[in-house]
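Participant: The structure under discussion is supplied below as structure tokens; questions concerning it will follow.
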Amino acid sequence: MEKIVEAFGPELTTEAVQTFIRIDANLQKFNSFFKGDSSGRLFVFYQPIINEGESLVDESAPKFLSVSDGTNGVMMFKCCYFIRNVQSGAALDLTKCGENDLLFGEFGSSALGTIEAILSQSFRPMIDHYDNWGKVDDEQKNDFISEIGSFITNLNEALSSLKCGLELRSPDAKIIRAVEVKAHRTALPPEAIDHFEALLNEWCNEIETYLNQKEQVSDSGDVGPRGELEVCEVRCRS
């Protein structure tokens, strides 16, 4: 409970989390997790409700706590997670302190960035200083460490690509919901048509500006292999 408050504070109070956990359906999930009867992981979200089949949600809508075993649920902002570090079917000893039987962590708004941070700042330093490799020889150990390093590098490159890319504004979630309840798409409300027309024009202008900027970069001289790849990527997408 304290970890959930820590993850989502100061928006959440201890009393709100206690009330959430005491709901029968949620309490059952936590009890199954502690007993070892579940998947061995729990994810807790604090965000607007996302109904099944919805692709867009109003981010300004009220937030609610929810819990998932990882088989459902969509993260909008961030979440915290609990992972059992004991054998499946074995109950967790909740009286223990300072043990690694129960692991806790958070995924930020960028799940990919969080994974990269965990690997590069926690796992990689731990692996570099680990000296009890058992029967693993030096070549196998070096290959494994090299693969971890390559994977972290690939994650960094993917994050850089996402940051430098073009992000288009999403349609208004309220407009989308209004369209979804219409039985006939030909009878769309006028405000929805105006919204989509304005949004399409905005997208076209932003894409054109983005492509022109990329072209100017490519014409400014030798930008190196990475720059050439970025220009080719933009052209392929267009």
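Letters A, B, ... mark the chains of the structure tokens in the order given; residue numbers begin at 1 per chain; ligand numbers begin at 1, in order shown.
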Give me the residues near segment 126-130 of chain A as a PyMOL selection string, where near means some atom within 12 Å (using only C-alpha atoms) and where sequence neighbours in that chain fewer than 5 positions away do not count.

Facilitator: chain A and resi 118-121+141-142+144-149

Participant: Would you export the selected residues with N, CA and C atoms as a compact mmCIF listing (two decimals), in the first residue's frame, please?

Facilitator:
# COMPACT_ATOMS: atom_id res chain seq x y z
N ILE A 118 16.29 1.03 -16.57
CA ILE A 118 16.49 -0.12 -15.68
C ILE A 118 17.69 -0.94 -16.11
N LEU A 119 17.79 -1.19 -17.43
CA LEU A 119 18.89 -2.01 -17.93
C LEU A 119 20.24 -1.31 -17.79
N SER A 120 20.29 -0.04 -18.18
CA SER A 120 21.58 0.67 -18.20
C SER A 120 22.05 1.11 -16.82
N GLN A 121 21.09 1.44 -15.93
CA GLN A 121 21.47 1.99 -14.62
C GLN A 121 21.46 0.96 -13.50
N LYS A 141 30.84 -15.33 -21.15
CA LYS A 141 30.50 -14.18 -20.32
C LYS A 141 30.62 -12.89 -21.11
N ASN A 142 31.71 -12.74 -21.87
CA ASN A 142 31.91 -11.53 -22.66
C ASN A 142 30.86 -11.39 -23.75
N PHE A 144 27.79 -12.50 -23.60
CA PHE A 144 26.54 -12.11 -22.94
C PHE A 144 26.55 -10.62 -22.60
N ILE A 145 27.66 -10.15 -22.03
CA ILE A 145 27.76 -8.73 -21.68
C ILE A 145 27.70 -7.87 -22.92
N SER A 146 28.32 -8.32 -24.00
CA SER A 146 28.29 -7.58 -25.26
C SER A 146 26.87 -7.49 -25.82
N GLU A 147 26.12 -8.59 -25.72
CA GLU A 147 24.74 -8.60 -26.21
C GLU A 147 23.87 -7.63 -25.40
N ILE A 148 24.09 -7.61 -24.10
CA ILE A 148 23.33 -6.67 -23.25
C ILE A 148 23.65 -5.24 -23.66
N GLY A 149 24.93 -4.96 -23.89
CA GLY A 149 25.33 -3.62 -24.32
C GLY A 149 24.71 -3.23 -25.65

Participant: DSSP on the backbone: which residues in segment 11-191 of chain A end up as helix (DSSP H, G or I)? Give the answer as a PyMOL selection string.

Facilitator: chain A and resi 14-22+24-35+111-128+138-164+173-180+185-187+190-191

Participant: Env of Phe77 of chain A: 8 Å cut, atoms = only C-alpha atoms, seq-sep filter 2 positions within chain, self excluded. Answer as a VMD selection string.

Facilitator: chain A and resid 47 75 79 108 to 109

Participant: Would you please give, as a list in words, all residues of segment 11-186 of chain A that DSSP assigns to strand (DSSP E or B) based on the backbone?

Facilitator: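 After running DSSP on the backbone, segment 11-186 of chain A has strand (DSSP E or B) at Arg41, Leu42, Phe43, Val44, Phe45, Tyr46, Gln47, Phe64, Leu65, Ser66, Val67, Ser68, Cys79, Cys80, Tyr81, Phe82, Ile83, Arg84, Leu102, Leu103, Phe104, Gly105, Glu106 and Phe107 of chain A.
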
Participant: Between A:Leu92, A:Thr19, A:Leu42, A:Glu106, single out the one closest to Phe64 of chain A, counting only C-alpha atoms.

Facilitator: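 Looking at the shortest contact to Phe64 of chain A, the residue is A:Thr19.
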
Participant: Given only C-alpha atoms as the basis, pick out the residue of A:Phe104, A:Tyr210, A:Phe20, A:Phe33 nearest to Asp69 of chain A.

Facilitator: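 Closest candidate: A:Phe33.
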
Participant: Write out as a tab-separated table (two decimals) with N, CA and C atoms, in the first residue's frame the residues lying within 9 Å of Ser38 of chain A, counting only C-alpha atoms and excluding same-chain residues fewer than 2 positions away.

Facilitator:
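That gives us out_28.tsv:
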chain	number	residue	atom	x	y	z
A	29	LYS	N	-7.49	-10.25	-6.01
A	29	LYS	CA	-6.31	-10.27	-6.87
A	29	LYS	C	-5.03	-10.17	-6.04
A	32	SER	N	-4.49	-13.52	-4.12
A	32	SER	CA	-4.01	-14.57	-5.03
A	32	SER	C	-2.55	-14.35	-5.37
A	33	PHE	N	-2.18	-13.09	-5.52
A	33	PHE	CA	-0.78	-12.75	-5.82
A	33	PHE	C	0.13	-13.15	-4.67
A	34	PHE	N	-0.27	-12.82	-3.43
A	34	PHE	CA	0.54	-13.15	-2.26
A	34	PHE	C	0.63	-14.66	-2.03
A	35	LYS	N	-0.44	-15.38	-2.35
A	35	LYS	CA	-0.46	-16.83	-2.14
A	35	LYS	C	0.29	-17.59	-3.23
A	36	GLY	N	0.51	-16.95	-4.37
A	36	GLY	CA	1.19	-17.63	-5.47
A	36	GLY	C	0.25	-18.32	-6.42
A	40	GLY	N	1.99	-14.04	-10.91
A	40	GLY	CA	3.25	-13.65	-10.28
A	40	GLY	C	3.60	-12.20	-10.49
A	41	ARG	N	2.66	-11.43	-11.04
A	41	ARG	CA	2.91	-10.01	-11.25
A	41	ARG	C	1.60	-9.24	-11.14
A	69	ASP	N	-3.24	-8.11	-13.84
A	69	ASP	CA	-2.16	-9.10	-13.78
A	69	ASP	C	-1.28	-9.05	-15.02
A	88	SER	N	6.76	-20.37	-8.00
A	88	SER	CA	5.32	-20.32	-8.24
A	88	SER	C	4.60	-21.27	-7.28
A	89	GLY	N	3.53	-20.76	-6.67
A	89	GLY	CA	2.76	-21.57	-5.73
A	89	GLY	C	3.17	-21.39	-4.29

Participant: Could you check which of A:Arg169, A:Lys78, A:Lys174, A:His195 is closest to Leu112 of chain A, using only C-alpha atoms?

Facilitator: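 Nearest to Leu112 of chain A: A:Lys78.
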